[in-house]
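To keep things clear, I will list the structure first and then write my remarks on it.
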Amino acid sequence: MCFPFLRMARVFVYGTLKKGQPNNYRMFDSANGTAEFLASARTTQKYPLIITTEYNIPFLLNLPGQGHLVQGEIYKVDDLMLKYLDALESVPTMYQRVLVKLEVVEWSGEAEGGERPAAGSITEAFVYNTTTYEPDWPSLPCYESYDSYGEHGLEYVTREARDRCHLPE
């Protein structure tokens, strides 16, 4: 019997795709592919995580060494989900998908290679960050952890809400 080879990739999400955030449901819509939550983690390098545009979109600027160690979640995704996420994140024009090193905070997923990565261990995953941003973005407030409903008052405007705002009358 022959089984098609299914590749899986790891993706680190730090914004609206995290648990409890407006786009998390997209990670579990089977039409988009499959995703499995593996761990909470943080970047091993500092990056500026900002919220900007009229839609209050979180962006991770590709400026290593600036900002904070950014907290997020690692998911294991199949090729279909990876392609979906690339389209959602407008790769390569708005975001670029790059490999980063992450420190595991807590591993919840299945063991890999017979072992569960321990807290503090280092792993890698793809992250969506950007090198294409406005000149003033690096001077915006930076966050360690994104929450659309946080005290900053910059609630994310969903794509569905944006579409409703631009309907002809």
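Letters A, B, ... go to the chains of the structure tokens in the order shown; residues in each chain start at 1; ligands are counted from 1 in the same order.
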Listing only residues of segment 10-46 of chain A within 9 Å of segment 155-162 of chain A, what is the closest atom pair and its distance in Å (to one decimal) for each, using only C-alpha atoms, sorted by chain and residue number ascending, as a Markdown table?
```
| residue | atom | partner | partner_atom | distance |
| --- | --- | --- | --- | --- |
| A:Thr16 | CA | A:Tyr156 | CA | 7.9 |
| A:Pro22 | CA | A:Thr158 | CA | 7.2 |
| A:Asn23 | CA | A:Thr158 | CA | 8.0 |
```
Surrounding residues of segment 92-99 of chain A excluding itself and chain neighbours under 5 positions, 7 Å, only C-alpha atoms, as a list of chain:residue names: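 Listed by chain and then number, they are A:Glu124, A:Ala125, A:Phe126, A:Val127, A:Tyr128, A:Asn129, A:Thr130, A:Thr132.
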Residues near Tyr25 of chain A, cut-off 12 Å, only C-alpha atoms, skip fewer than 6 positions along chain, as JSON, numbers by chain: {"A": [16, 17, 18, 19, 31, 32, 34, 35]}
Best match for closeness to Glu110 of chain A among A:Leu82, A:Lys76, A:Leu49, A:Phe12, counting only C-alpha atoms: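 Closest to Glu110 of chain A of all the choices is A:Lys76.
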Coordinates-based distance that separates atom CA of Leu69 of chain A from atom CA of Lys101 of chain A (Å, one decimal):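 Calculated distance between atom CA of Lys101 of chain A and atom CA of Leu69 of chain A is 11.2 Å.
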Top pick for closest residue to Thr123 of chain A, considering A:Leu38, A:Ala111, A:Leu154, A:Leu102 and counting only C-alpha atoms: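 Smallest distance to Thr123 of chain A is found for A:Leu102.
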Spatial neighbours of Thr43 of chain A, max dist 9 Å, only C-alpha atoms, sep filter under 5 positions, as an NGL selection string: :A and (68-72 or 100-104)
Interatomic distance, atom CA of Ala39 of chain A to atom CA of Gly65 of chain A (Å, one decimal): 23.4 Å
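We find atom CA of Phe59 of chain A and atom CA of Tyr149 of chain A to be spaced 15.9 Å apart.
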